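Taking it in order: structure first as structure tokens, then the write-up.
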Amino acid sequence: MSPTRFYGNPPPGVKASELKGKLIVLEGADGSGRSTQIRSLTEWLERAGHATVNIGLKRSTLVSRELERAKRGNILGNTTMSLFYATDFADQLENVMIPALRAGYVVLADRYIYTLMVRDIVRGADRAWVESIYGIAPAPDLIFYLRVSPRNLVERNLEKNQTLDYWESGMDIALSRDMFESFIAYQKMVRREFLILEKQFGFQSIDANRSPSAVTGTIRKQVAALFGGKMNVDAP
């Protein structure tokens, strides 16, 4: 569907009927291949003549640097981190997403409100409170969840970064003193919450344990259907 509705009340001065563009979301953990798929999708859409805009987490000009600095100290409280990310999202919504959707662009989100909601909920936040925060979010046209097993995520993250991320391992919620064990336990918790949101919000769940090219093909078929099936899914 076109993003002609919001999950709650739209931002002040915004009419859903004004949003002529498309909103496509890719969700998944670090190591799931999101960034690779976003780049591929951006290039493919632009070659087909569709103007695109990319958004993601910690990209707000308002708070992204401050949020990154705060996370480096590993001392952020759960509520503070939640509101930091909500501010980051709201700033991008107002200054990037809404203008782009009004202008008819395709907005590609490298993670969206669902990751933020899941992170908050597994850290003990009230589900209704979290959903109310993100009521200002437009409902996407397509939501892809790149599903990868926790052990494959470990291998991919170690291969890429030689270490595991403190926050993506859930070390702040004391699941285990061992980062590897904590990472596995945390990612399983995140996976369970995503399964709940998948049913609630209508995700397209994709097996991303496969090769990047196989995942790309699956995504392109869904996106081509969104645009009336007139795009070449086999284009380079």
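Residues in the structure tokens are numbered from 1 in each chain, the chains being A, B, ... in the order shown, and ligands are numbered from 1 in the order shown.
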Show which residues sit within 10 Å of Gly8 (chain A), as a short mmCIF file (atom, residue, chain, number, x, y, z; two decimals) with C-alpha atoms, in the first residue's frame. Count only C-alpha atoms, and ignore same-chain residues fewer than 4 positions away.
data_model
loop_
_atom_site.label_atom_id
_atom_site.label_comp_id
_atom_site.auth_asym_id
_atom_site.auth_seq_id
_atom_site.Cartn_x
_atom_site.Cartn_y
_atom_site.Cartn_z
CA GLU A 131 4.37 2.10 20.09
CA SER A 132 2.99 5.49 21.13
CA ILE A 133 6.39 7.15 20.63
CA TYR A 134 6.51 6.00 17.02
CA GLY A 135 2.90 6.77 16.17
CA ILE A 136 4.25 9.64 14.03
CA ALA A 137 5.85 7.15 11.63
CA PRO A 138 4.38 6.61 8.15
CA ALA A 139 3.42 3.01 7.42
#
So that I can check the surroundings of Tyr114 (chain A), please list as a list of chain:residue names every protein, DNA and RNA residue that reaches within 9 Å of it, counting only C-alpha atoms and ignoring chain neighbours fewer than 5 positions away. A:Glu27, A:Arg119, A:Phe194, A:Leu197
Using N, CA and C atoms, can you write the selected residues to a file as a PDB file, in the first residue's frame?
ATOM      1  N   GLU A  27      14.962  -4.348   7.424  1.00  0.00           N
ATOM      2  CA  GLU A  27      15.316  -4.582   8.821  1.00  0.00           C
ATOM      3  C   GLU A  27      16.208  -5.808   8.926  1.00  0.00           C
ATOM      4  N   ARG A 119      14.520  -3.151  20.332  1.00  0.00           N
ATOM      5  CA  ARG A 119      15.590  -2.876  21.299  1.00  0.00           C
ATOM      6  C   ARG A 119      15.029  -2.392  22.627  1.00  0.00           C
ATOM      7  N   PHE A 194      10.953  -9.724  16.894  1.00  0.00           N
ATOM      8  CA  PHE A 194      10.699  -9.448  15.479  1.00  0.00           C
ATOM      9  C   PHE A 194       9.600 -10.362  14.934  1.00  0.00           C
ATOM     10  N   LEU A 197       6.436  -8.662  15.829  1.00  0.00           N
ATOM     11  CA  LEU A 197       6.190  -7.488  14.982  1.00  0.00           C
ATOM     12  C   LEU A 197       5.914  -7.888  13.539  1.00  0.00           C
TER      13      LEU A 197
END
Just checking: using only C-alpha atoms, which residue out of A:Arg177, A:Arg220, A:Arg5, A:Lys58 ends up closest to Tyr112 (chain A)? A:Lys58
As a ChimeraX atom specification, list the residues of region 37-209 of chain A assigned to alpha helix (DSSP H) by DSSP on the backbone atoms of this structure. /A:37-47,64-72,78-92,98-102,113-122,127-133,150-161,179-201
Using 10 Å as the limit and counting only C-alpha atoms, can you tabulate each residue of region 63-118 of chain A that touches region 38-53 of chain A, with its shortest atom-to-atom distance in Å and the two atoms involved, as a Markdown table?
| residue | atom | partner | partner_atom | distance |
| --- | --- | --- | --- | --- |
| A:Val96 | CA | A:Val53 | CA | 8.0 |
| A:Met97 | CA | A:Val53 | CA | 8.0 |
| A:Ala100 | CA | A:Val53 | CA | 7.1 |
| A:Leu101 | CA | A:Val53 | CA | 9.3 |
| A:Ala103 | CA | A:Ala51 | CA | 9.7 |
| A:Gly104 | CA | A:Ala51 | CA | 8.1 |
| A:Tyr105 | CA | A:Ala51 | CA | 5.3 |
| A:Val106 | CA | A:Thr52 | CA | 4.7 |
| A:Val107 | CA | A:Val53 | CA | 4.8 |
| A:Leu108 | CA | A:Val53 | CA | 6.1 |
| A:Ala109 | CA | A:Ile38 | CA | 8.0 |
| A:Asp110 | CA | A:Ile38 | CA | 6.7 |
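Nearest residue to Met171 (chain A) among A:Asn209, A:Leu76, A:Leu23, A:Glu193 is A:Leu76, counting only C-alpha atoms.
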Long-range neighbours of Arg123 (chain A) as a PyMOL selection string, 12 Å cut-off, only C-alpha atoms, 5 positions minimum in chain: chain A and resi 77-79+81-82+116-118+130+167+170-175+186+189-190+193
Please identify all polymer residues within 8 Å of region 149-151 of chain A, counting only C-alpha atoms, omitting same-chain residues fewer than 4 positions from it, and present them as a PyMOL selection string. chain A and resi 155+183-184+187-188+209
Near-Lys160 (chain A) list (12 Å; only C-alpha atoms; drop same-chain fewer than 3 positions) as a list in words: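 That gives Asp30, Gly31, Ser32, Gly33, Leu153, Val154, Glu155, Arg156, Asn157, Thr163, Leu164 and Asp165 of chain A.
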Take the selection from the previous step and output its residues with C-alpha atoms, as a short mmCIF file (atom, residue, chain, number, x, y, z; two decimals), in the first residue's frame.
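Output saved as out-v1.cif:
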data_model
loop_
_atom_site.label_atom_id
_atom_site.label_comp_id
_atom_site.auth_asym_id
_atom_site.auth_seq_id
_atom_site.Cartn_x
_atom_site.Cartn_y
_atom_site.Cartn_z
CA ASP A 30 24.26 -6.20 11.95
CA GLY A 31 25.68 -8.81 9.60
CA SER A 32 22.35 -9.60 7.96
CA GLY A 33 23.37 -7.88 4.72
CA LEU A 153 25.65 -13.37 12.60
CA VAL A 154 28.56 -14.05 14.94
CA GLU A 155 30.69 -15.34 12.08
CA ARG A 156 29.84 -12.42 9.81
CA ASN A 157 30.47 -9.78 12.48
CA THR A 163 34.94 -8.21 17.41
CA LEU A 164 31.32 -8.14 18.59
CA ASP A 165 29.49 -4.89 19.35
#
Go ahead and compute the interatomic distance for CA of Pro10 (chain A) and CA of Trp129 (chain A), in Å to one decimal.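 Value for the CA of Pro10 (chain A)-CA of Trp129 (chain A) distance: 16.7 Å.
Note that CA of Tyr7 (chain A) and CA of Asn95 (chain A) are 19.0 Å apart.
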In terms of the shortest atom-to-atom distance over only C-alpha atoms, which of A:Ser176, A:Asn232, A:Asn161, A:Asn152 is closest to Asp207 (chain A)?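 Among the listed residues, the smallest separation from Asp207 (chain A) belongs to A:Asn152.
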What lies within 6 Å of Leu146 (chain A) using only C-alpha atoms, ignoring chain neighbours under 6 positions off, as an MDAnalysis selection string? chainID A and resid 28 206 208
Could you check which of A:Arg34, A:Arg102, A:Ser17, A:Lys22 is closest to Pro212 (chain A), using only C-alpha atoms?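 Closest to Pro212 (chain A), using only C-alpha atoms: A:Arg34.
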Please identify which residues in chain A DSSP calls strand (DSSP E) from the backbone, and express them as a PyMOL selection string. chain A and resi 22-27+52-56+106-110+142-147+204-207
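Nearest residue to Arg69 (chain A) among A:Asp234, A:Phe84, A:Ala125, A:Ser169 is A:Phe84, counting only C-alpha atoms.
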Would you work out the distance separating CA of Arg147 (chain A) from CA of Arg59 (chain A), expressed in Å to one decimal? 23.7 Å
